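query12.txt follows (compact mmCIF, C-alpha atoms):
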# COMPACT_ATOMS: atom_id res chain seq x y z
CA ASP A 19 -4.23 5.42 -4.82
CA VAL A 20 -7.07 3.92 -6.86
CA TYR A 21 -6.77 0.43 -5.37
CA LYS A 22 -7.12 1.79 -1.82
CA ARG A 23 -10.08 3.92 -2.87
CA GLN A 24 -11.76 0.85 -4.33
CA ALA A 25 -11.07 -1.14 -1.15
CA LEU A 26 -12.58 1.65 0.96
CA THR A 27 -15.66 1.78 -1.26
CA ILE A 28 -16.10 -1.98 -0.98
CA ALA A 29 -15.64 -1.99 2.79
CA LEU A 30 -18.16 0.83 3.31
CA ALA A 31 -20.71 -0.80 1.05
CA LEU A 32 -20.48 -4.23 2.62
CA THR A 33 -21.03 -2.86 6.13
CA LEU A 34 -24.45 -1.64 4.99
CA LEU A 35 -25.61 -5.00 3.64
CA PRO A 36 -27.84 -7.29 5.72
CA GLN A 37 -26.14 -10.31 7.21
CA PRO A 38 -27.13 -13.77 5.88
CA VAL A 39 -29.45 -15.75 8.11
CA HIS A 40 -28.38 -19.36 8.70
CA ALA A 41 -30.84 -22.21 8.85
CA GLN A 42 -29.17 -23.62 11.95
CA THR A 43 -26.44 -22.79 14.43
CA ARG A 44 -23.67 -25.37 14.56
CA PRO A 45 -20.10 -25.43 15.90
CA GLU A 46 -18.69 -24.94 12.38
CA ILE A 47 -20.66 -21.72 11.93
CA GLU A 48 -19.75 -20.42 15.38
CA ALA A 49 -16.06 -21.19 14.73
CA ALA A 50 -16.23 -19.38 11.39
CA GLN A 51 -17.84 -16.33 12.99
CA HIS A 52 -15.09 -16.16 15.64
CA LEU A 53 -12.41 -16.38 12.91
CA GLN A 54 -14.22 -13.71 10.92
CA ASP A 55 -14.25 -11.40 13.96
CA ALA A 56 -10.49 -11.94 14.26
CA GLY A 57 -9.98 -10.97 10.62
CA GLU A 58 -8.98 -14.52 9.56
CA PHE A 59 -11.33 -14.65 6.58
CA GLY A 60 -9.64 -17.48 4.70
CA ALA A 61 -9.61 -19.71 7.79
CA ALA A 62 -13.24 -18.83 8.47
CA ALA A 63 -14.24 -19.92 4.96
CA GLU A 64 -12.39 -23.22 5.37
CA ALA A 65 -14.18 -23.81 8.67
CA LEU A 66 -17.50 -23.59 6.81
CA ARG A 67 -16.58 -25.86 3.93
CA PRO A 68 -17.39 -29.22 5.65
CA TYR A 69 -20.71 -27.83 6.86
CA LEU A 70 -21.75 -26.75 3.36
CA GLN A 71 -20.86 -30.16 2.00
CA ALA A 72 -23.31 -31.66 4.52
CA PHE A 73 -25.98 -28.93 4.15
CA PRO A 74 -25.78 -27.58 0.58
CA ASP A 75 -29.28 -26.02 0.79
CA ASP A 76 -28.35 -23.57 3.55
CA LEU A 77 -28.29 -20.48 1.34
CA GLY A 78 -27.47 -18.11 4.19
CA THR A 79 -24.28 -19.98 4.98
CA GLN A 80 -23.43 -20.24 1.29
CA TRP A 81 -23.74 -16.47 1.14
CA LEU A 82 -21.45 -16.04 4.16
CA PHE A 83 -18.97 -18.50 2.63
CA SER A 84 -18.82 -16.51 -0.63
CA ARG A 85 -18.38 -13.26 1.29
CA LEU A 86 -15.51 -14.68 3.34
CA LEU A 87 -13.79 -15.91 0.18
CA PHE A 88 -14.16 -12.41 -1.29
CA TRP A 89 -12.62 -10.79 1.79
CA ALA A 90 -9.82 -13.39 1.79
CA GLY A 91 -8.93 -12.52 -1.81
CA GLU A 92 -10.10 -15.84 -3.29
CA TYR A 93 -11.90 -14.01 -6.06
CA ASP A 94 -12.50 -16.80 -8.57
CA GLU A 95 -14.16 -19.16 -6.07
CA ALA A 96 -16.09 -16.23 -4.55
CA ARG A 97 -17.43 -15.29 -7.98
CA ASP A 98 -18.59 -18.88 -8.58
CA GLY A 99 -20.37 -18.81 -5.23
CA TYR A 100 -22.16 -15.51 -5.86
CA GLU A 101 -23.24 -16.53 -9.35
CA ALA A 102 -24.65 -19.81 -8.00
CA LEU A 103 -26.54 -17.91 -5.31
CA LYS A 104 -27.97 -15.45 -7.84
CA GLY A 105 -29.49 -18.43 -9.65
CA LYS A 106 -31.06 -19.67 -6.40
CA MET A 107 -32.04 -16.23 -5.06
CA PRO A 108 -33.13 -14.28 -8.19
CA GLY A 109 -34.14 -10.70 -7.54
CA ASP A 110 -32.45 -10.39 -4.14
CA PRO A 111 -31.11 -6.79 -4.26
CA TRP A 112 -28.68 -7.21 -1.35
CA LEU A 113 -27.00 -10.23 -2.88
CA ALA A 114 -26.76 -8.34 -6.17
CA LEU A 115 -25.15 -5.35 -4.43
CA GLU A 116 -22.54 -7.52 -2.79
CA TYR A 117 -21.88 -9.29 -6.08
CA SER A 118 -21.37 -5.91 -7.77
CA GLU A 119 -18.68 -5.05 -5.19
CA LEU A 120 -16.82 -8.24 -6.10
CA LEU A 121 -17.04 -7.32 -9.77
CA MET A 122 -15.66 -3.85 -8.99
CA GLY A 123 -12.78 -5.41 -7.08
CA LEU A 124 -11.99 -7.55 -10.14
CA GLY A 125 -12.10 -4.54 -12.44
CA GLU A 126 -15.23 -5.77 -14.26
CA TRP A 127 -16.83 -2.35 -14.13
CA GLY A 128 -19.14 -2.85 -17.10
CA LYS A 129 -20.73 -5.94 -15.57
CA ALA A 130 -20.89 -4.21 -12.18
CA ARG A 131 -22.77 -1.28 -13.76
CA LYS A 132 -25.30 -3.69 -15.28
CA VAL A 133 -25.95 -5.39 -11.93
CA LEU A 134 -26.27 -2.04 -10.13
CA ARG A 135 -28.66 -0.66 -12.73
CA GLU A 136 -30.90 -3.70 -12.27
CA VAL A 137 -30.99 -3.04 -8.52
CA ALA A 138 -31.56 0.69 -9.05
CA ALA A 139 -34.62 -0.15 -11.15
CA GLY A 140 -36.12 -2.20 -8.29
CA GLU A 141 -38.52 -1.30 -5.52
CA GLU A 142 -36.38 -1.80 -2.38
CA ALA A 143 -35.75 1.86 -1.45
CA LYS A 144 -32.59 1.35 0.62
CA ALA A 145 -31.10 -0.98 -1.98
CA VAL A 146 -31.92 1.51 -4.74
CA LEU A 147 -30.05 4.25 -2.88
CA GLN A 148 -27.07 1.95 -2.39
CA ALA A 149 -27.05 0.98 -6.07
CA GLU A 150 -27.17 4.63 -7.13
CA ALA A 151 -24.27 5.36 -4.78
CA GLY A 152 -22.34 2.44 -6.32
CA LEU A 153 -22.91 3.78 -9.83
CA GLU A 154 -21.64 7.19 -8.71
CA ASP A 155 -18.57 5.55 -7.15
CA ILE A 156 -17.78 3.85 -10.47
CA ARG A 157 -18.10 7.17 -12.27
CA LEU A 158 -15.80 8.93 -9.79
CA LEU A 159 -13.23 6.15 -9.59
CA THR A 160 -12.78 5.88 -13.35
CA ARG A 161 -12.54 9.52 -14.43
CA PRO A 162 -9.24 11.31 -15.16
CA TRP A 163 -7.78 13.47 -12.38
CA ILE A 164 -5.33 16.27 -11.72
CA ARG A 165 -3.74 17.08 -8.35
CA MET A 166 -1.67 20.07 -7.27
CA ALA A 167 0.18 20.63 -4.00
CA GLY A 168 2.92 22.67 -2.39
CA ASP A 169 5.20 21.94 0.56
CA VAL A 170 7.72 23.71 2.74
CA LEU A 171 10.03 21.20 4.46
CA ASP A 172 12.10 22.63 7.28
CA ASP A 173 14.86 20.44 8.70
CA SER A 174 17.86 21.85 10.58
CA GLN A 175 19.72 18.73 9.47
CA PRO A 176 20.42 19.61 6.80
CA PHE A 177 18.30 22.41 5.21
CA ARG A 178 14.94 23.86 4.23
CA ARG A 179 13.38 23.08 0.87
CA TYR A 180 10.37 24.36 -1.07
CA GLU A 181 8.52 21.98 -3.36
CA GLY A 182 5.47 21.95 -5.55
CA SER A 183 3.81 19.07 -7.35
CA LEU A 184 1.51 18.65 -10.31
CA GLU A 185 0.29 15.25 -11.40
CA GLY A 186 -2.51 13.76 -13.43
CA GLY A 187 -3.69 10.39 -14.62
CA VAL A 188 -6.17 8.41 -16.67
CA PHE A 189 -7.55 4.89 -16.42
CA LEU A 190 -6.34 2.51 -19.10
CA HIS A 191 -8.50 -0.15 -17.43
CA PRO A 192 -10.48 0.01 -14.19
CA LEU A 193 -7.50 -1.43 -12.28
CA TRP A 194 -4.70 0.16 -14.34
CA THR A 195 -3.71 3.81 -14.43
CA LEU A 196 -1.27 5.88 -16.47
CA GLU A 197 0.08 8.87 -14.57
CA ALA A 198 2.54 11.72 -15.16
CA GLY A 199 3.78 14.53 -13.00
CA GLY A 200 6.52 16.90 -11.99
CA THR A 201 8.04 18.38 -8.82
CA PRO A 202 9.86 21.73 -8.99
CA ARG A 203 12.16 22.29 -6.02
CA VAL A 204 14.18 25.10 -4.43
CA LEU A 205 16.86 24.19 -1.88
CA ASP A 206 17.52 26.91 0.70
CA VAL A 207 21.30 26.49 0.86
CA ASP A 208 24.27 28.72 0.05
CA PRO A 209 24.28 29.10 -2.88
CA GLN A 210 20.57 28.45 -3.49
CA ARG A 211 19.83 25.47 -5.77
CA THR A 212 16.88 24.96 -8.10
CA GLY A 213 15.82 21.70 -9.70
CA GLY A 214 13.17 19.00 -9.57
CA GLU A 215 11.86 15.84 -11.19
CA GLY A 216 9.55 14.81 -13.98
CA TRP A 217 8.12 11.31 -14.23
CA GLY A 218 5.64 8.95 -15.83
CA ARG A 219 4.14 5.91 -14.12
CA ILE A 220 1.91 2.94 -14.88
CA LYS A 221 0.45 0.90 -12.07
CA GLY A 222 -2.27 -1.63 -11.51
CA SER A 223 -3.24 -4.99 -10.13
CA ILE A 224 -4.35 -8.44 -11.25
CA PRO A 225 -6.68 -9.55 -8.42
CA GLY A 226 -7.16 -13.06 -9.74
CA LEU A 227 -3.42 -13.70 -9.41
CA GLY A 228 -2.96 -11.58 -6.31
CA LEU A 229 -0.43 -9.33 -8.07
CA SER A 230 0.18 -5.58 -8.04
CA LEU A 231 2.69 -3.92 -10.37
CA THR A 232 4.18 -0.44 -10.74
CA GLY A 233 6.68 0.90 -13.26
CA MET A 234 8.02 4.45 -13.32
CA GLY A 235 10.57 6.36 -15.37
CA GLY A 236 11.68 9.96 -15.48
CA ALA A 237 14.45 12.49 -15.02
CA THR A 238 15.84 14.57 -12.18
CA PHE A 239 17.67 17.83 -12.68
CA GLN A 240 19.44 20.63 -10.80
CA ASP A 241 20.87 23.78 -12.33
CA SER A 242 22.64 22.50 -15.50
CA GLN A 243 22.86 18.86 -14.36
CA SER A 244 20.41 16.04 -15.12
CA SER A 245 20.13 12.26 -14.75
CA TRP A 246 17.56 9.57 -15.29
CA SER A 247 15.46 7.93 -12.59
CA GLY A 248 13.13 4.97 -12.51
CA SER A 249 11.67 2.18 -10.44
CA ALA A 250 9.78 -1.11 -10.69
CA GLU A 251 7.75 -2.87 -8.00
CA LEU A 252 6.01 -6.24 -7.84
CA GLY A 253 3.67 -7.18 -5.00
CA VAL A 254 2.30 -10.66 -4.32
CA ARG A 255 -0.67 -11.14 -2.02
CA LEU A 256 -0.01 -13.79 0.62
CA GLY A 257 -3.38 -13.51 2.34
CA ALA A 258 -6.18 -11.11 3.03
CA GLN A 259 -3.94 -8.77 5.06
CA MET A 260 -0.38 -9.57 3.97
CA LYS A 261 1.75 -9.11 0.87
CA LEU A 262 5.34 -9.61 -0.24
CA VAL A 263 6.80 -6.72 -2.24
CA ALA A 264 10.05 -6.57 -4.21
CA SER A 265 11.27 -3.33 -5.76
CA ALA A 266 14.28 -1.78 -7.46
CA GLY A 267 14.86 1.84 -8.33
CA ARG A 268 17.20 4.71 -9.11
CA THR A 269 16.45 7.98 -7.32
CA ARG A 270 18.20 11.12 -6.18
CA TYR A 271 19.77 11.12 -2.71
CA LEU A 272 19.08 14.41 -0.92
CA TRP A 273 19.55 13.96 2.82
CA THR A 274 22.88 15.68 3.56
CA LEU A 275 24.08 19.23 2.94
CA ALA A 276 26.87 17.91 0.69
CA SER A 277 24.33 16.11 -1.51
CA THR A 278 22.90 19.48 -2.61
CA ASP A 279 26.12 20.36 -4.47
CA SER A 280 25.47 17.91 -7.28
CA LEU A 281 23.12 15.13 -8.36
CA VAL A 282 23.90 12.16 -6.11
CA MET A 283 22.03 9.17 -7.54
CA MET A 284 21.23 6.09 -5.48
CA ASN A 285 20.33 2.60 -6.71
CA THR A 286 18.05 0.73 -4.32
CA ALA A 287 16.92 -2.90 -4.11
CA GLU A 288 14.33 -3.76 -1.49
CA ILE A 289 12.18 -6.65 -0.34
CA ARG A 290 9.32 -6.08 2.07
CA LEU A 291 6.90 -8.30 3.98
CA ASP A 292 3.95 -6.02 4.61
CA ARG A 293 1.03 -6.28 6.99
CA ALA A 294 0.96 -2.56 7.70
CA ASP A 295 -2.74 -1.90 7.04
CA ALA A 296 -4.13 -4.86 8.97
CA PRO A 297 -6.41 -4.33 11.98
CA GLY A 298 -5.29 -5.89 15.25
CA TRP A 299 -1.81 -7.32 14.74
CA ALA A 300 0.10 -5.32 12.14
CA GLY A 301 3.72 -5.07 11.11
CA GLN A 302 6.36 -4.83 8.47
CA ALA A 303 9.82 -6.31 7.81
CA VAL A 304 12.15 -4.73 5.25
CA GLY A 305 15.59 -5.50 3.84
CA ARG A 306 17.22 -2.90 1.59
CA MET A 307 20.54 -2.22 -0.12
CA ASP A 308 21.51 1.20 -1.45
CA SER A 309 24.47 1.53 -3.79
CA PHE A 310 26.19 4.65 -5.12
CA ALA A 311 28.30 5.59 -8.13
CA ASP A 312 31.54 5.36 -6.10
CA GLY A 313 30.95 1.66 -5.47
CA ASN A 314 29.96 2.03 -1.82
CA ARG A 315 26.91 0.22 -0.46
CA VAL A 316 24.66 0.76 2.56
CA THR A 317 22.66 -2.18 3.92
CA THR A 318 19.54 -1.59 6.01
CA ALA A 319 17.14 -3.92 7.80
CA PHE A 320 14.21 -2.74 9.84
CA GLY A 321 10.87 -3.90 11.11
CA TRP A 322 8.03 -2.94 13.39
CA LEU A 323 5.11 -4.66 15.08
CA LEU A 324 1.83 -3.40 16.53
CA ALA A 325 -0.09 -5.56 19.01
CA PRO A 326 -3.68 -4.91 20.13
CA LEU A 327 -4.20 -4.40 23.86
CA ALA A 328 -7.87 -3.52 23.55
CA LYS A 329 -9.80 -4.55 20.46
CA ASN A 330 -10.16 -1.65 17.99
CA ILE A 331 -9.14 0.83 20.71
CA PHE A 332 -5.47 0.69 21.65
CA ARG A 333 -2.29 -0.89 20.27
CA VAL A 334 1.33 -0.88 21.38
CA GLY A 335 4.34 -1.32 19.16
CA TYR A 336 8.04 -1.93 18.87
CA ALA A 337 10.42 -1.03 16.06
CA TYR A 338 14.01 -2.02 15.31
CA SER A 339 16.46 -0.99 12.61
CA TRP A 340 20.06 -1.75 11.72
CA SER A 341 22.18 -0.14 9.01
CA HIS A 342 25.80 -0.30 7.95
CA ALA A 343 27.96 1.11 5.16
CA GLU A 344 30.90 -0.74 3.65
CA GLU A 345 32.99 2.47 3.64
CA SER A 346 32.69 5.72 5.57
CA ARG A 347 32.08 9.04 3.87
CA TRP A 348 32.52 11.09 7.05
CA GLY A 349 35.10 13.86 6.86
CA ALA A 350 36.42 15.68 9.91
CA ASP A 351 37.17 19.39 9.57
CA LEU A 352 39.91 19.93 12.18
CA PRO A 353 43.58 19.04 11.60
CA GLY A 354 44.73 15.93 13.43
CA GLN A 355 41.20 14.53 13.76
CA SER A 356 39.91 11.76 11.60
CA GLY A 357 36.57 10.18 10.94
CA GLU A 358 38.16 6.94 9.76
CA PRO A 359 37.01 3.71 11.44
CA GLY A 360 39.12 2.96 14.49
CA SER A 361 39.68 6.56 15.61
CA VAL A 362 38.41 7.13 19.17
CA PRO A 363 37.60 10.71 20.24
CA ALA A 364 37.81 11.75 23.85
CA PRO A 365 34.63 11.21 25.89
CA GLY A 366 32.26 14.10 25.28
CA ALA A 367 34.33 15.51 22.42
CA THR A 368 32.65 17.12 19.43
CA ILE A 369 34.25 16.50 16.04
CA PRO A 370 33.24 19.07 13.43
CA GLY A 371 32.72 17.55 10.01
CA ARG A 372 30.14 16.26 7.60
CA TYR A 373 29.10 13.27 5.52
CA ASP A 374 30.21 13.91 1.94
CA PRO A 375 28.16 13.36 -0.10
CA TYR A 376 25.88 10.89 1.71
CA HIS A 377 25.36 9.45 5.18
CA THR A 378 27.25 6.24 5.98
CA PRO A 379 26.09 4.51 9.19
CA ASN A 380 28.59 2.33 11.04
CA ASP A 381 26.79 -0.68 12.51
CA GLU A 382 23.97 1.62 13.62
CA THR A 383 21.13 0.14 15.67
CA VAL A 384 17.91 1.87 16.73
CA HIS A 385 15.16 0.59 19.04
CA SER A 386 11.89 2.36 19.62

Target format structure tokens, applied to this file:
Amino acid sequence: DVYKRQALTIALALTLLPQPVHAQTRPEIEAAQHLQDAGEFGAAAEALRPYLQAFPDDLGTQWLFSRLLFWAGEYDEARDGYEALKGKMPGDPWLALEYSELLMGLGEWGKARKVLREVAAGEEAKAVLQAEAGLEDIRLLTRPWIRMAGDVLDDSQPFRRYEGSLEGGVFLHPLWTLEAGGTPRVLDVDPQRTGGEGWGRIKGSIPGLGLSLTGMGGATFQDSQSSWSGSAELGVRLGAQMKLVASAGRTRYLWTLASTDSLVMMNTAEIRLDRADAPGWAGQAVGRMDSFADGNRVTTAFGWLLAPLAKNIFRVGYAYSWSHAEESRWGADLPGQSGEPGSVPAPGATIPGRYDPYHTPNDETVHS
């Protein structure tokens, strides 16, 4: 994922930069540093704002303020801060390097190249190496790519499958990609089934608005059958570590033995509150509805939470899920036995049967 690769590049680069030196130590600065250590970058920047209004000539704190805004996703105000500092600190290679990372995050790769080339032409050896590495990152992150893979998925419930994948993509813009790919598939069932998917996808982000978007369309096929598939997703950044994501899609359902007999298509609508990649406290809450061609619907809600017990060392978590189908698709095999709601088997009894063609949970709850 290009956006994650950019984020990793930015994070690695910023850890190598020298930290701003403040003219004085005051409670506002100490409070901001504690909030920064806790990952609350937006709150840390706000803690510094009154101090900078009183001491506008403290360039070190102005630098820290701009950096915190950058990390908090407040890109426009961060850019204004860096550009003001460049006017007050001309020729500082470390400020220029950090400014180039902001430009990369905004997709302004041409301007970032210009800033990095100026640093690379300087005399600060360590900064020159970092600038050259940044230029190489831009080259790598913006070139076309092709990926190939193969998988063997073995699951006794319900079957083994063999899959391959081939995909490639190009950059329409530094933050927008156009991708295409295909997945051939062999299902190890009786009789054996062959099929797969082909798809095209466009995805990207608008950092200034805190938006990420993905659109995909394609086709799925098996033997002589085929159907269309597609999805759309919109993400809205709610803070430095949290986003709200809404998505809708049409995909093939392939999680029961009966679903291998034909193309069972599933329409899904989902909304997700996501803090999955955050350090320290992390979590996710999801609500989803799956609907099928026979009019049946399955509703699912799940969430999980990770809490730090020792900073950057150990976390514990809890997860919960609930799912329920409006109608059952369970079919019992033996005469006189029924999978209809309300039937009560004897304690310990085993009822042969299967879900046909898809799984239908009945007020199912899972804790872990």

9 Å contact set for A:Gly301, all atoms listed in the file, chain neighbours under 6 positions out, as JSON, numbers by chain: {"A": [291, 292, 293, 294, 295, 321, 322, 323, 324, 325, 335]}

Selected residue, from A:Gln259, A:Thr212, A:Thr160, A:Gln51, that lies nearest to A:Gln240 when counting all atoms listed in the file: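 Under the stated criterion, the closest residue is A:Thr212.
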
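The smallest atom-to-atom distance between A:Met283 and any of A:Arg306, A:Val254, A:Tyr376, A:Val137, using all atoms listed in the file, is found for A:Tyr376.
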
Using all atoms listed in the file, which protein or nucleic acid residues come within 10 Å of A:Asp110? Drop anything in the same chain fewer than 5 positions from it, and give the result as a ChimeraX atom specification. /A:103-104,115,137,140,142,145

Contacts of A:Ala90 at 12 Å (only C-alpha atoms; same-chain gap of 3+ positions) as a PyMOL selection string: chain A and resi 53-54+57-64+83-87+93-96+120+225-226+228+255-260

Using all atoms listed in the file, find the one residue out of A:Asp279, A:Asp55, A:Glu101, A:Asp381 that sits nearest to A:Gln210.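 Looking only at the distances to A:Gln210, the closest residue turns out to be A:Asp279.
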
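Distances from A:Trp194, A:Trp112, A:Lys106, A:Glu119 to A:Phe88 were compared using all atoms listed in the file, and the smallest one belongs to A:Glu119.
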
Need to verify the contact set: A:Asp172, 12 Å, all atoms listed in the file, exclusion of same-chain residues closer than 5 positions in sequence. Can you return it as a list in words?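 Non-adjacent residues within range: Phe177, Arg178, Arg179, Tyr180, Glu181, Leu205, Asp206 and Val207 of chain A.
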
Skipping near chain neighbours, those fewer than 5 positions away, what residues fall within 7 Å of A:Met284 using all atoms listed in the file, listed as a list in words?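 Everything that qualifies: Arg268, Thr269, Arg270, Tyr271, Asp308, Ser309 and Phe310 of chain A.
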
In terms of the shortest atom-to-atom distance over all atoms listed in the file, which of A:Pro379, A:Pro370, A:His385, A:Trp348 is closest to A:Thr317? A:Pro379

Quick one: what's the axis-aligned box for stretch 140-144 of chain A, all listed atoms, 5 Å on every side, centre and edges in Å to one decimal, as lines of an AutoDock Vina configuration file?
center_x = -35.6
center_y = -0.2
center_z = -3.8
size_x = 15.9
size_y = 14.1
size_z = 18.9

What's the separation between atom CA of A:Gly91 and atom CA of A:Tyr336, in Å to one decimal place?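 About the pair atom CA of A:Gly91 and atom CA of A:Tyr336: they are 28.8 Å apart.
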
Please indicate the distance in Å from atom CA of A:Arg347 to atom CA of A:Ser277, rounded to one decimal place.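 If I compute the distance from atom CA of A:Arg347 to atom CA of A:Ser277, I get 11.8 Å.
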